[in-house]
$ cat structure-v3.cif   # mmCIF, C-alpha atoms and all ligand atoms
data_upload
#
loop_
_atom_site.group_PDB
_atom_site.id
_atom_site.type_symbol
_atom_site.label_atom_id
_atom_site.label_comp_id
_atom_site.auth_asym_id
_atom_site.auth_seq_id
_atom_site.Cartn_x
_atom_site.Cartn_y
_atom_site.Cartn_z
ATOM 1 C CA MET D 368 -4.147 23.085 19.303
ATOM 2 C CA THR D 369 -2.066 26.269 19.271
ATOM 3 C CA LEU D 370 1.058 26.205 17.140
ATOM 4 C CA ASP D 371 4.191 27.526 18.797
ATOM 5 C CA GLY D 372 7.962 27.279 18.677
ATOM 6 C CA ASN D 373 7.843 23.648 19.783
ATOM 7 C CA THR D 374 5.430 22.426 17.107
ATOM 8 C CA LEU D 375 6.818 19.344 15.351
ATOM 9 C CA VAL D 376 6.503 19.112 11.583
ATOM 10 C CA TYR D 377 5.474 15.991 9.655
ATOM 11 C CA GLY D 378 4.208 15.681 6.114
ATOM 12 C CA ILE D 379 3.927 13.813 2.852
ATOM 13 C CA PHE D 380 6.060 13.954 -0.314
ATOM 14 C CA GLY D 381 4.080 13.326 -3.512
ATOM 15 C CA TYR D 382 3.573 14.572 -7.040
ATOM 16 C CA PRO D 383 0.775 15.383 -7.268
ATOM 17 C CA VAL D 384 -0.115 15.525 -3.589
ATOM 18 C CA LYS D 385 -3.268 17.667 -3.564
ATOM 19 C CA HIS D 386 -5.599 14.656 -3.539
ATOM 20 C CA SER D 387 -3.928 13.131 -0.458
ATOM 21 C CA LYS D 388 -6.133 12.440 2.553
ATOM 22 C CA SER D 389 -3.164 11.777 4.851
ATOM 23 C CA PRO D 390 -2.895 15.395 6.132
ATOM 24 C CA THR D 391 -6.535 15.213 7.262
ATOM 25 C CA PHE D 392 -6.380 11.976 9.225
ATOM 26 C CA GLN D 393 -2.802 12.345 10.538
ATOM 27 C CA THR D 394 -3.598 15.821 11.861
ATOM 28 C CA ALA D 395 -6.765 14.465 13.482
ATOM 29 C CA ALA D 396 -4.652 11.798 15.208
ATOM 30 C CA PHE D 397 -2.106 14.319 16.533
ATOM 31 C CA GLN D 398 -4.876 16.574 17.811
ATOM 32 C CA HIS D 399 -6.766 13.720 19.438
ATOM 33 C CA LEU D 400 -3.688 12.702 21.427
ATOM 34 C CA GLY D 401 -2.767 16.317 22.255
ATOM 35 C CA ILE D 402 0.557 16.069 20.375
ATOM 36 C CA ASN D 403 1.940 19.455 19.370
ATOM 37 C CA ALA D 404 2.530 18.607 15.695
ATOM 38 C CA VAL D 405 1.345 19.405 12.182
ATOM 39 C CA TYR D 406 1.246 17.196 9.084
ATOM 40 C CA VAL D 407 1.397 19.025 5.769
ATOM 41 C CA PRO D 408 1.457 18.178 2.042
ATOM 42 C CA PHE D 409 4.722 18.786 0.171
ATOM 43 C CA GLN D 410 4.460 18.745 -3.603
ATOM 44 C CA VAL D 411 7.900 17.506 -4.699
ATOM 45 C CA LYS D 412 8.808 17.240 -8.388
ATOM 46 C CA PRO D 413 10.574 14.004 -9.329
ATOM 47 C CA GLU D 414 13.811 15.835 -10.168
ATOM 48 C CA ASP D 415 13.831 17.482 -6.713
ATOM 49 C CA ILE D 416 13.520 14.381 -4.552
ATOM 50 C CA GLU D 417 17.158 14.361 -3.371
ATOM 51 C CA LYS D 418 16.883 17.996 -2.232
ATOM 52 C CA ALA D 419 13.536 17.266 -0.568
ATOM 53 C CA VAL D 420 15.053 14.407 1.449
ATOM 54 C CA GLU D 421 17.980 16.628 2.453
ATOM 55 C CA SER D 422 15.470 19.278 3.576
ATOM 56 C CA LEU D 423 14.213 16.866 6.239
ATOM 57 C CA ARG D 424 17.615 17.122 7.904
ATOM 58 C CA VAL D 425 18.023 20.862 7.311
ATOM 59 C CA LEU D 426 14.564 21.819 8.581
ATOM 60 C CA ASP D 427 14.373 19.075 11.225
ATOM 61 C CA ILE D 428 11.134 17.715 9.803
ATOM 62 C CA LYS D 429 10.471 14.725 12.055
ATOM 63 C CA GLY D 430 8.927 12.389 9.524
ATOM 64 C CA VAL D 431 7.187 12.102 6.194
ATOM 65 C CA ASN D 432 5.119 9.712 4.204
ATOM 66 C CA VAL D 433 6.267 9.173 0.659
ATOM 67 C CA THR D 434 3.854 8.501 -2.167
ATOM 68 C CA ILE D 435 3.802 8.213 -5.947
ATOM 69 C CA PRO D 436 6.176 8.745 -7.755
ATOM 70 C CA HIS D 437 8.904 8.870 -5.073
ATOM 71 C CA LYS D 438 8.622 5.586 -3.173
ATOM 72 C CA GLU D 439 11.568 3.917 -4.908
ATOM 73 C CA ASN D 440 13.593 7.049 -5.627
ATOM 74 C CA VAL D 441 14.065 8.189 -2.008
ATOM 75 C CA ILE D 442 15.961 5.040 -1.032
ATOM 76 C CA PRO D 443 19.500 6.115 -2.104
ATOM 77 C CA TYR D 444 19.303 9.251 0.055
ATOM 78 C CA LEU D 445 18.410 7.575 3.366
ATOM 79 C CA ASN D 446 20.831 6.448 6.074
ATOM 80 C CA GLU D 447 19.102 3.146 6.728
ATOM 81 C CA ILE D 448 16.264 1.035 5.387
ATOM 82 C CA SER D 449 14.271 -1.508 7.344
ATOM 83 C CA GLU D 450 14.119 -5.206 6.490
ATOM 84 C CA GLU D 451 10.811 -5.043 4.604
ATOM 85 C CA VAL D 452 12.104 -2.231 2.387
ATOM 86 C CA LYS D 453 14.962 -4.469 1.253
ATOM 87 C CA VAL D 454 12.374 -6.890 -0.153
ATOM 88 C CA ILE D 455 9.641 -4.483 -1.280
ATOM 89 C CA LYS D 456 12.142 -1.918 -2.624
ATOM 90 C CA ALA D 457 9.825 0.980 -1.826
ATOM 91 C CA VAL D 458 9.626 3.389 1.120
ATOM 92 C CA ASN D 459 6.407 5.067 2.207
ATOM 93 C CA THR D 460 7.560 6.318 5.634
ATOM 94 C CA ILE D 461 10.690 8.186 6.711
ATOM 95 C CA LYS D 462 11.623 8.826 10.333
ATOM 96 C CA ASN D 463 14.189 11.539 11.087
ATOM 97 C CA ILE D 464 16.262 10.989 14.229
ATOM 98 C CA ASP D 465 18.563 14.016 14.551
ATOM 99 C CA GLY D 466 19.358 13.953 10.837
ATOM 100 C CA TYR D 467 19.632 10.163 10.602
ATOM 101 C CA LEU D 468 16.901 9.065 8.179
ATOM 102 C CA ILE D 469 15.334 5.606 8.356
ATOM 103 C CA GLY D 470 13.025 4.351 5.592
ATOM 104 C CA TYR D 471 10.149 1.966 6.294
ATOM 105 C CA ASN D 472 7.323 0.453 4.297
ATOM 106 C CA THR D 473 3.975 0.306 6.075
ATOM 107 C CA ASP D 474 1.852 -0.373 2.957
ATOM 108 C CA TRP D 475 2.081 -4.131 3.435
ATOM 109 C CA TYR D 476 0.927 -3.806 7.055
ATOM 110 C CA GLY D 477 -1.856 -1.446 5.970
ATOM 111 C CA PHE D 478 -3.099 -3.943 3.449
ATOM 112 C CA ILE D 479 -3.022 -6.858 5.900
ATOM 113 C CA GLU D 480 -4.685 -5.002 8.770
ATOM 114 C CA GLY D 481 -7.402 -3.731 6.423
ATOM 115 C CA LEU D 482 -7.934 -7.192 4.974
ATOM 116 C CA LYS D 483 -8.269 -8.707 8.461
ATOM 117 C CA GLU D 484 -11.472 -6.686 8.896
ATOM 118 C CA ILE D 485 -13.122 -8.955 6.316
ATOM 119 C CA MET D 486 -10.765 -11.986 6.309
ATOM 120 C CA PRO D 487 -9.414 -12.528 9.830
ATOM 121 C CA ASP D 488 -7.218 -15.531 8.981
ATOM 122 C CA ILE D 489 -5.089 -15.296 5.851
ATOM 123 C CA ALA D 490 -2.874 -18.325 6.526
ATOM 124 C CA GLY D 491 -3.225 -21.000 3.863
ATOM 125 C CA LYS D 492 -5.552 -18.903 1.686
ATOM 126 C CA ARG D 493 -5.358 -19.098 -2.118
ATOM 127 C CA VAL D 494 -5.067 -15.645 -3.633
ATOM 128 C CA LEU D 495 -5.211 -13.900 -7.000
ATOM 129 C CA VAL D 496 -3.170 -10.675 -7.086
ATOM 130 C CA ILE D 497 -3.621 -8.558 -10.212
ATOM 131 C CA GLY D 498 -0.725 -6.222 -11.036
ATOM 132 C CA ALA D 499 3.014 -6.489 -10.471
ATOM 133 C CA GLY D 500 4.033 -2.902 -9.658
ATOM 134 C CA GLY D 501 5.039 -1.258 -6.379
ATOM 135 C CA SER D 502 1.701 -1.770 -4.602
ATOM 136 C CA SER D 503 1.673 -5.407 -5.610
ATOM 137 C CA ARG D 504 5.162 -5.927 -4.144
ATOM 138 C CA ALA D 505 4.030 -4.592 -0.744
ATOM 139 C CA ILE D 506 0.838 -6.680 -0.804
ATOM 140 C CA ILE D 507 2.671 -9.861 -1.764
ATOM 141 C CA TYR D 508 5.170 -9.235 1.034
ATOM 142 C CA GLY D 509 2.220 -8.998 3.428
ATOM 143 C CA LEU D 510 0.526 -12.114 2.084
ATOM 144 C CA LEU D 511 3.766 -14.128 2.401
ATOM 145 C CA ASN D 512 4.259 -12.752 5.907
ATOM 146 C CA GLN D 513 0.782 -14.029 6.843
ATOM 147 C CA GLY D 514 1.395 -17.472 5.364
ATOM 148 C CA ALA D 515 -0.845 -17.335 2.284
ATOM 149 C CA GLY D 516 -0.966 -20.798 0.721
ATOM 150 C CA LYS D 517 -0.854 -19.972 -2.971
ATOM 151 C CA ILE D 518 -0.673 -16.756 -4.996
ATOM 152 C CA TYR D 519 -1.540 -16.376 -8.663
ATOM 153 C CA LEU D 520 0.182 -13.208 -9.840
ATOM 154 C CA ALA D 521 -1.598 -11.917 -12.939
ATOM 155 C CA ASN D 522 -0.148 -9.083 -14.951
ATOM 156 C CA ARG D 523 -0.651 -7.518 -18.384
ATOM 157 C CA THR D 524 3.114 -7.799 -18.891
ATOM 158 C CA ILE D 525 3.781 -11.322 -17.669
ATOM 159 C CA LYS D 526 7.557 -10.747 -17.706
ATOM 160 C CA ARG D 527 7.119 -8.185 -14.924
ATOM 161 C CA ALA D 528 5.307 -10.775 -12.782
ATOM 162 C CA GLU D 529 8.116 -13.244 -13.452
ATOM 163 C CA ASN D 530 10.701 -10.632 -12.476
ATOM 164 C CA LEU D 531 8.891 -9.932 -9.203
ATOM 165 C CA ILE D 532 8.874 -13.629 -8.345
ATOM 166 C CA GLU D 533 12.553 -13.987 -9.237
ATOM 167 C CA ASP D 534 13.367 -11.008 -7.066
ATOM 168 C CA PHE D 535 11.343 -12.216 -4.062
ATOM 169 C CA SER D 536 12.835 -15.708 -4.356
ATOM 170 C CA ASN D 537 16.207 -14.194 -3.427
ATOM 171 C CA PHE D 538 14.714 -13.537 0.020
ATOM 172 C CA TYR D 539 12.312 -16.461 0.472
ATOM 173 C CA ARG D 540 13.278 -19.744 -1.176
ATOM 174 C CA ILE D 541 9.699 -20.976 -1.004
ATOM 175 C CA VAL D 542 8.406 -18.186 -3.258
ATOM 176 C CA LYS D 543 8.674 -20.087 -6.525
ATOM 177 C CA MET D 544 6.515 -22.860 -5.051
ATOM 178 C CA ILE D 545 3.845 -20.461 -3.781
ATOM 179 C CA ILE D 546 3.586 -17.768 -6.452
ATOM 180 C CA LYS D 547 2.647 -18.547 -10.042
ATOM 181 C CA PRO D 548 2.774 -15.895 -12.792
ATOM 182 C CA ILE D 549 -0.217 -15.839 -15.147
ATOM 183 C CA SER D 550 -1.538 -13.613 -17.914
ATOM 184 C CA LEU D 551 -4.723 -11.564 -17.479
ATOM 185 C CA GLU D 552 -6.395 -13.915 -19.978
ATOM 186 C CA GLU D 553 -5.792 -16.886 -17.670
ATOM 187 C CA ILE D 554 -7.650 -15.335 -14.709
ATOM 188 C CA ASN D 555 -11.112 -16.648 -15.678
ATOM 189 C CA ARG D 556 -9.773 -20.188 -15.664
ATOM 190 C CA ILE D 557 -8.295 -20.082 -12.132
ATOM 191 C CA LEU D 558 -10.946 -17.948 -10.428
ATOM 192 C CA ASN D 559 -12.698 -20.926 -8.857
ATOM 193 C CA GLU D 560 -9.470 -21.969 -7.169
ATOM 194 C CA VAL D 561 -8.967 -18.736 -5.211
ATOM 195 C CA GLU D 562 -10.624 -17.354 -2.088
ATOM 196 C CA LEU D 563 -9.200 -13.833 -2.241
ATOM 197 C CA ILE D 564 -8.975 -11.501 -5.266
ATOM 198 C CA VAL D 565 -6.864 -8.328 -5.020
ATOM 199 C CA ASN D 566 -6.675 -5.651 -7.714
ATOM 200 C CA THR D 567 -3.532 -3.527 -7.378
ATOM 201 C CA THR D 568 -3.730 -1.941 -10.851
ATOM 202 C CA SER D 569 -5.319 1.390 -11.700
ATOM 203 C CA VAL D 570 -7.891 -0.342 -13.913
ATOM 204 C CA GLY D 571 -11.321 0.684 -12.617
ATOM 205 C CA LEU D 572 -10.336 4.218 -11.659
ATOM 206 C CA ASN D 573 -12.293 5.499 -14.670
ATOM 207 C CA GLU D 574 -15.928 4.537 -15.161
ATOM 208 C CA ASP D 575 -15.351 3.408 -18.746
ATOM 209 C CA ASP D 576 -12.367 1.139 -17.931
ATOM 210 C CA PRO D 577 -12.874 -2.402 -19.239
ATOM 211 C CA GLU D 578 -13.227 -5.429 -16.935
ATOM 212 C CA ILE D 579 -9.848 -7.075 -16.241
ATOM 213 C CA PHE D 580 -11.507 -10.511 -16.334
ATOM 214 C CA ASP D 581 -15.109 -11.732 -16.464
ATOM 215 C CA TYR D 582 -16.512 -10.199 -13.255
ATOM 216 C CA ASN D 583 -19.617 -12.390 -13.594
ATOM 217 C CA LEU D 584 -17.455 -15.311 -12.450
ATOM 218 C CA ILE D 585 -17.161 -13.790 -8.971
ATOM 219 C CA ASN D 586 -19.234 -15.714 -6.400
ATOM 220 C CA SER D 587 -20.186 -15.433 -2.744
ATOM 221 C CA SER D 588 -17.215 -17.544 -1.605
ATOM 222 C CA HIS D 589 -14.797 -14.882 -2.870
ATOM 223 C CA THR D 590 -13.387 -11.975 -0.897
ATOM 224 C CA VAL D 591 -12.516 -9.065 -3.195
ATOM 225 C CA VAL D 592 -10.198 -6.139 -2.436
ATOM 226 C CA ASP D 593 -9.598 -3.242 -4.819
ATOM 227 C CA ILE D 594 -6.961 -0.804 -3.549
ATOM 228 C CA ILE D 595 -8.555 2.047 -5.514
ATOM 229 C CA TYR D 596 -10.290 4.547 -3.196
ATOM 230 C CA LYS D 597 -13.818 3.991 -4.462
ATOM 231 C CA GLU D 598 -16.413 1.383 -5.275
ATOM 232 C CA THR D 599 -15.106 0.251 -8.647
ATOM 233 C CA LYS D 600 -16.970 -1.912 -11.157
ATOM 234 C CA LEU D 601 -15.093 -4.880 -9.684
ATOM 235 C CA LEU D 602 -16.414 -4.109 -6.190
ATOM 236 C CA GLN D 603 -19.931 -3.387 -7.454
ATOM 237 C CA LYS D 604 -19.983 -6.850 -8.977
ATOM 238 C CA ALA D 605 -18.605 -8.401 -5.776
ATOM 239 C CA LYS D 606 -21.450 -6.717 -3.862
ATOM 240 C CA GLU D 607 -24.041 -7.927 -6.376
ATOM 241 C CA LYS D 608 -22.709 -11.494 -6.016
ATOM 242 C CA ASN D 609 -22.784 -11.340 -2.198
ATOM 243 C CA ALA D 610 -19.005 -11.625 -1.945
ATOM 244 C CA LYS D 611 -17.149 -9.829 0.856
ATOM 245 C CA TYR D 612 -15.375 -6.775 -0.511
ATOM 246 C CA GLN D 613 -13.282 -3.756 0.449
ATOM 247 C CA ASN D 614 -11.952 -0.612 -1.253
ATOM 248 C CA GLY D 615 -8.568 1.072 -0.715
ATOM 249 C CA TYR D 616 -9.451 3.141 2.340
ATOM 250 C CA PRO D 617 -8.726 0.561 5.057
ATOM 251 C CA MET D 618 -5.230 0.015 3.587
ATOM 252 C CA LEU D 619 -4.710 3.787 3.513
ATOM 253 C CA ILE D 620 -5.780 4.243 7.128
ATOM 254 C CA TYR D 621 -3.745 1.339 8.532
ATOM 255 C CA GLN D 622 -0.556 2.208 6.627
ATOM 256 C CA GLY D 623 -0.894 5.721 8.043
ATOM 257 C CA ALA D 624 -1.583 4.360 11.518
ATOM 258 C CA LYS D 625 1.643 2.344 11.420
ATOM 259 C CA SER D 626 3.582 5.409 10.216
ATOM 260 C CA PHE D 627 2.092 7.392 13.108
ATOM 261 C CA GLU D 628 3.238 4.716 15.558
ATOM 262 C CA ILE D 629 6.751 4.653 14.063
ATOM 263 C CA TRP D 630 7.011 8.430 14.481
ATOM 264 C CA THR D 631 5.357 8.897 17.873
ATOM 265 C CA GLY D 632 5.720 5.541 19.624
ATOM 266 C CA LYS D 633 2.032 5.824 20.534
ATOM 267 C CA PRO D 634 -0.880 3.626 19.387
ATOM 268 C CA ALA D 635 -2.723 5.366 16.559
ATOM 269 C CA PRO D 636 -6.354 6.342 17.220
ATOM 270 C CA ILE D 637 -7.755 4.346 14.306
ATOM 271 C CA GLU D 638 -11.398 5.315 14.739
ATOM 272 C CA VAL D 639 -10.502 9.016 14.948
ATOM 273 C CA MET D 640 -8.470 8.694 11.753
ATOM 274 C CA LYS D 641 -11.276 6.901 9.928
ATOM 275 C CA LYS D 642 -13.832 9.410 11.052
ATOM 276 C CA ALA D 643 -11.654 12.313 9.907
ATOM 277 C CA ILE D 644 -12.001 11.191 6.289
ATOM 278 C CA GLY D 645 -15.479 9.734 6.619
ATOM 279 C CA VAL D 646 -14.721 6.030 6.238
HETATM 280 P P1 LIG I 701 1.734 0.950 -8.343
HETATM 281 O O1 LIG I 701 2.911 1.500 -7.595
HETATM 282 O O2 LIG I 701 0.443 1.638 -8.029
HETATM 283 O O3 LIG I 701 1.627 -0.531 -8.222
HETATM 284 P P2 LIG I 701 2.985 0.711 -10.922
HETATM 285 O O4 LIG I 701 4.233 0.245 -10.265
HETATM 286 O O5 LIG I 701 3.069 1.709 -12.018
HETATM 287 O O6 LIG I 701 1.974 1.331 -9.881
HETATM 288 O O7 LIG I 701 2.201 -0.599 -11.443
HETATM 289 C C1 LIG I 701 1.012 -0.505 -12.177
HETATM 290 C C2 LIG I 701 0.415 -1.888 -12.375
HETATM 291 O O8 LIG I 701 -0.860 -1.739 -13.005
HETATM 292 C C3 LIG I 701 1.220 -2.788 -13.288
HETATM 293 O O9 LIG I 701 1.024 -4.125 -12.898
HETATM 294 C C4 LIG I 701 0.570 -2.525 -14.654
HETATM 295 O O10 LIG I 701 0.749 -3.562 -15.588
HETATM 296 P P3 LIG I 701 2.073 -3.615 -16.522
HETATM 297 O O11 LIG I 701 3.171 -4.146 -15.634
HETATM 298 O O12 LIG I 701 1.724 -4.535 -17.616
HETATM 299 O O13 LIG I 701 2.326 -2.202 -16.967
HETATM 300 C C5 LIG I 701 -0.869 -2.430 -14.245
HETATM 301 N N1 LIG I 701 -1.678 -1.680 -15.216
HETATM 302 C C6 LIG I 701 -1.710 -0.340 -15.390
HETATM 303 N N2 LIG I 701 -2.573 -0.006 -16.357
HETATM 304 C C7 LIG I 701 -3.111 -1.176 -16.811
HETATM 305 C C8 LIG I 701 -4.095 -1.516 -17.808
HETATM 306 N N3 LIG I 701 -4.689 -0.572 -18.547
HETATM 307 N N4 LIG I 701 -4.407 -2.811 -17.979
HETATM 308 C C9 LIG I 701 -3.807 -3.776 -17.239
HETATM 309 N N5 LIG I 701 -2.888 -3.521 -16.286
HETATM 310 C C10 LIG I 701 -2.532 -2.235 -16.061
#

$ encode --input "structure-v3.cif" --output "structure tokens" --more "lines below"
Ligand code: ATR
Amino acid sequence: MTLDGNTLVYGIFGYPVKHSKSPTFQTAAFQHLGINAVYVPFQVKPEDIEKAVESLRVLDIKGVNVTIPHKENVIPYLNEISEEVKVIKAVNTIKNIDGYLIGYNTDWYGFIEGLKEIMPDIAGKRVLVIGAGGSSRAIIYGLLNQGAGKIYLANRTIKRAENLIEDFSNFYRIVKMIIKPISLEEINRILNEVELIVNTTSVGLNEDDPEIFDYNLINSSHTVVDIIYKETKLLQKAKEKNAKYQNGYPMLIYQGAKSFEIWTGKPAPIEVMKKAIGV
């Protein structure tokens, strides 16, 4: 692809952003479809996020992904947010239509589409979600959207889990009947009740991180997802116990695929995107 005066610019806002794999697989997708566009990393300091959002209008950047730590902070500077953003309260995708900026969240979709590769039917399933931060909010939105039957929401700070439930119950009255807040200590006791286990915390990123619960209690009837981009101790144990398991890459690819579709209106070449980052 030759760059010229018509090349469209897309990118990602993050801090740090160097580790991001989005430029690699988004660029591969543009090239595969012959779209004259680039996708570049923008390292944006937290205090500069308002100026960075304004730069989208000034420079006519057509769209960006937004990652840590900006997902919540971009919201006040957009013209419009989509329905899921109102619930999740985080934006990971911005589309620029002649200076009019619309914020979307495709993380929930990314999680669900990735999960479907190993659990095709989520309706009615009993789930343990560990963590109550931004990623957890998107994942819970997705699980509710798919009709999950019951969700145990375990968090180190139980108050934060309770706050999430309170917040979601403003949108879906049924939430308080479906989602139950528990402490990390209570996980061992309920593990037999759930079919799906999802870790949304950063625990496991480092080799010497402790187990969040007793991983020996995992069995072959469990499906285990860790949204960290590697085979964590949790996933190694799931493998050892013959449980189905998945790391964070499918979620990453499918959230990016949805962003690509929002920007271009074209189906994303999933296999090309996966291949670009070797997953
Ligand atoms: P993200 O956007 O990735 O979800 P976040 O909003 O900062 O990040 O949320 C981090 C989550 O990981 C929280 O649920 C946090 O628990 P607290 O609410 O108690 O802080 C959880 N977390 C982070 N480090 C943890 C640790 N060492 N042990 C247990 N939970 C941890």

$ closest_atom_pairs --input "structure-v3.cif" --of "chain D" --to "ligand LIG 701 (chain I)" --cutoff "8 Å" --atoms "only C-alpha atoms and all ligand atoms" --output "tab-separated table"
residue	atom	partner	partner_atom	distance
D:Ile435	CA	I:LIG701	O1	7.0
D:Pro436	CA	I:LIG701	O1	7.9
D:Ile497	CA	I:LIG701	O9	7.0
D:Gly498	CA	I:LIG701	O9	3.3
D:Ala499	CA	I:LIG701	O9	3.9
D:Gly500	CA	I:LIG701	O4	3.2
D:Gly501	CA	I:LIG701	O1	3.7
D:Ser502	CA	I:LIG701	O3	3.8
D:Ser503	CA	I:LIG701	O3	5.5
D:Arg504	CA	I:LIG701	O3	7.6
D:Asn522	CA	I:LIG701	O9	5.5
D:Arg523	CA	I:LIG701	O12	3.9
D:Thr524	CA	I:LIG701	O12	3.8
D:Ile525	CA	I:LIG701	O12	7.1
D:Arg527	CA	I:LIG701	O11	5.7
D:Ala528	CA	I:LIG701	O11	7.5
D:Leu551	CA	I:LIG701	C9	7.8
D:Thr567	CA	I:LIG701	O3	6.0
D:Thr568	CA	I:LIG701	O8	3.6
D:Ser569	CA	I:LIG701	C6	5.4
D:Val570	CA	I:LIG701	C8	5.6
D:Asp576	CA	I:LIG701	N3	7.9
D:Ile579	CA	I:LIG701	C9	7.0

$ atom_distance --input "structure-v3.cif" --atom1 "atom CA of D:Gln603" --atom2 "atom CA of D:Gly481"
18.7 Å

$ closest_residue --input "structure-v3.cif" --among "D:Thr394, D:Ser449, D:Ser389, D:Asn463" --to "D:Arg424" --atoms "all atoms listed in the file"
D:Asn463

$ resolve_selection --input "structure-v3.cif" --expression "the PyMOL selection byres (((chain D and resi 563) around 8) and not hetatm)" --output "PyMOL selection string"
chain D and resi 492-495+561-562+564-565+589-592

$ resolve_selection --input "structure-v3.cif" --expression "the PyMOL selection byres (((chain D and resi 447) around 10) and not hetatm)" --output "count of residues only"
15

$ resolve_selection --input "structure-v3.cif" --expression "the PyMOL selection byres (((chain D and resi 476) around 12) and not hetatm)" --output "number ranges by chain"
D: 451, 459, 471-475, 477-483, 502, 505-513, 617-626

$ write_last_selection --input "structure-v3.cif" --atoms "C-alpha atoms" --output "mmCIF file, in the frame of the given file"
data_model
loop_
_atom_site.group_PDB
_atom_site.id
_atom_site.type_symbol
_atom_site.label_atom_id
_atom_site.label_comp_id
_atom_site.auth_asym_id
_atom_site.auth_seq_id
_atom_site.Cartn_x
_atom_site.Cartn_y
_atom_site.Cartn_z
ATOM 1 C CA GLU D 451 10.811 -5.043 4.604
ATOM 2 C CA ASN D 459 6.407 5.067 2.207
ATOM 3 C CA TYR D 471 10.149 1.966 6.294
ATOM 4 C CA ASN D 472 7.323 0.453 4.297
ATOM 5 C CA THR D 473 3.975 0.306 6.075
ATOM 6 C CA ASP D 474 1.852 -0.373 2.957
ATOM 7 C CA TRP D 475 2.081 -4.131 3.435
ATOM 8 C CA GLY D 477 -1.856 -1.446 5.970
ATOM 9 C CA PHE D 478 -3.099 -3.943 3.449
ATOM 10 C CA ILE D 479 -3.022 -6.858 5.900
ATOM 11 C CA GLU D 480 -4.685 -5.002 8.770
ATOM 12 C CA GLY D 481 -7.402 -3.731 6.423
ATOM 13 C CA LEU D 482 -7.934 -7.192 4.974
ATOM 14 C CA LYS D 483 -8.269 -8.707 8.461
ATOM 15 C CA SER D 502 1.701 -1.770 -4.602
ATOM 16 C CA ALA D 505 4.030 -4.592 -0.744
ATOM 17 C CA ILE D 506 0.838 -6.680 -0.804
ATOM 18 C CA ILE D 507 2.671 -9.861 -1.764
ATOM 19 C CA TYR D 508 5.170 -9.235 1.034
ATOM 20 C CA GLY D 509 2.220 -8.998 3.428
ATOM 21 C CA LEU D 510 0.526 -12.114 2.084
ATOM 22 C CA LEU D 511 3.766 -14.128 2.401
ATOM 23 C CA ASN D 512 4.259 -12.752 5.907
ATOM 24 C CA GLN D 513 0.782 -14.029 6.843
ATOM 25 C CA PRO D 617 -8.726 0.561 5.057
ATOM 26 C CA MET D 618 -5.230 0.015 3.587
ATOM 27 C CA LEU D 619 -4.710 3.787 3.513
ATOM 28 C CA ILE D 620 -5.780 4.243 7.128
ATOM 29 C CA TYR D 621 -3.745 1.339 8.532
ATOM 30 C CA GLN D 622 -0.556 2.208 6.627
ATOM 31 C CA GLY D 623 -0.894 5.721 8.043
ATOM 32 C CA ALA D 624 -1.583 4.360 11.518
ATOM 33 C CA LYS D 625 1.643 2.344 11.420
ATOM 34 C CA SER D 626 3.582 5.409 10.216
#

$ closest_residue --input "structure-v3.cif" --among "D:Ile629, D:Pro577, D:Glu533, D:Asn403" --to "D:Thr460" --atoms "only C-alpha atoms"
D:Ile629

$ axis_aligned_box --input "structure-v3.cif" --around "stretch 604-621 of chain D" --padding-each-side "4 Å" --output "lines of an AutoDock Vina configuration file"
center_x = -13.9
center_y = -3.7
center_z = -0.2
size_x = 28.3
size_y = 23.9
size_z = 25.5

$ atom_distance --input "structure-v3.cif" --atom1 "atom CA of D:Phe535" --atom2 "atom CA of D:Asp593"
22.8 Å

$ atom_distance --input "structure-v3.cif" --atom1 "atom CA of D:Ala396" --atom2 "atom CA of D:Phe380"
19.0 Å

$ closest_residue --input "structure-v3.cif" --among "D:Lys526, D:Lys606, D:Lys642, D:Lys462" --to "D:Val433" --atoms "all atoms listed in the file"
D:Lys462

$ closest_residue --input "structure-v3.cif" --among "D:Phe392, D:Val420, D:Leu370, D:Ile428" --to "D:Val646" --atoms "all atoms listed in the file"
D:Phe392

$ closest_residue --input "structure-v3.cif" --among "D:Tyr616, D:Phe538, D:Phe580, D:Tyr382" --to "D:Lys597" --atoms "all atoms listed in the file"
D:Tyr616

$ closest_residue --input "structure-v3.cif" --among "D:Ala643, D:Met368, D:Ile585, D:Ile541" --to "D:Asn559" --atoms "all atoms listed in the file"
D:Ile585

$ residues_around --input "structure-v3.cif" --residues "D:Ile416" --least-positions-apart "4" --cutoff "8 Å" --atoms "all atoms listed in the file" --output "ChimeraX atom specification"
/D:411-412,420,437,440-441

$ residues_around --input "structure-v3.cif" --residues "D:Gly401" --least-positions-apart "3" --cutoff "12 Å" --atoms "all atoms listed in the file" --output "list in words"
Met368, Thr369, Leu370, Thr374, Thr394, Ala395, Ala396, Phe397, Gln398, Ala404, Val405, Thr631, Lys633 and Pro636 of chain D

$ decode --input "structure-v3.cif" --residues "stretch 575-589 of chain D" --atoms "C-alpha atoms" --output "mmCIF file, in the first residue's frame"
data_model
loop_
_atom_site.group_PDB
_atom_site.id
_atom_site.type_symbol
_atom_site.label_atom_id
_atom_site.label_comp_id
_atom_site.auth_asym_id
_atom_site.auth_seq_id
_atom_site.Cartn_x
_atom_site.Cartn_y
_atom_site.Cartn_z
ATOM 1 C CA ASP D 575 5.095 -14.980 41.353
ATOM 2 C CA ASP D 576 1.513 -13.676 41.788
ATOM 3 C CA PRO D 577 -0.457 -15.744 44.308
ATOM 4 C CA GLU D 578 -3.490 -17.852 43.333
ATOM 5 C CA ILE D 579 -6.747 -15.881 43.678
ATOM 6 C CA PHE D 580 -8.513 -19.026 44.926
ATOM 7 C CA ASP D 581 -7.568 -22.705 45.153
ATOM 8 C CA TYR D 582 -6.898 -23.512 41.478
ATOM 9 C CA ASN D 583 -6.874 -27.232 42.322
ATOM 10 C CA LEU D 584 -10.664 -26.999 42.625
ATOM 11 C CA ILE D 585 -10.972 -26.394 38.878
ATOM 12 C CA ASN D 586 -12.381 -29.446 37.057
ATOM 13 C CA SER D 587 -13.077 -30.554 33.503
ATOM 14 C CA SER D 588 -16.654 -29.220 33.578
ATOM 15 C CA HIS D 589 -15.352 -25.657 33.950
#
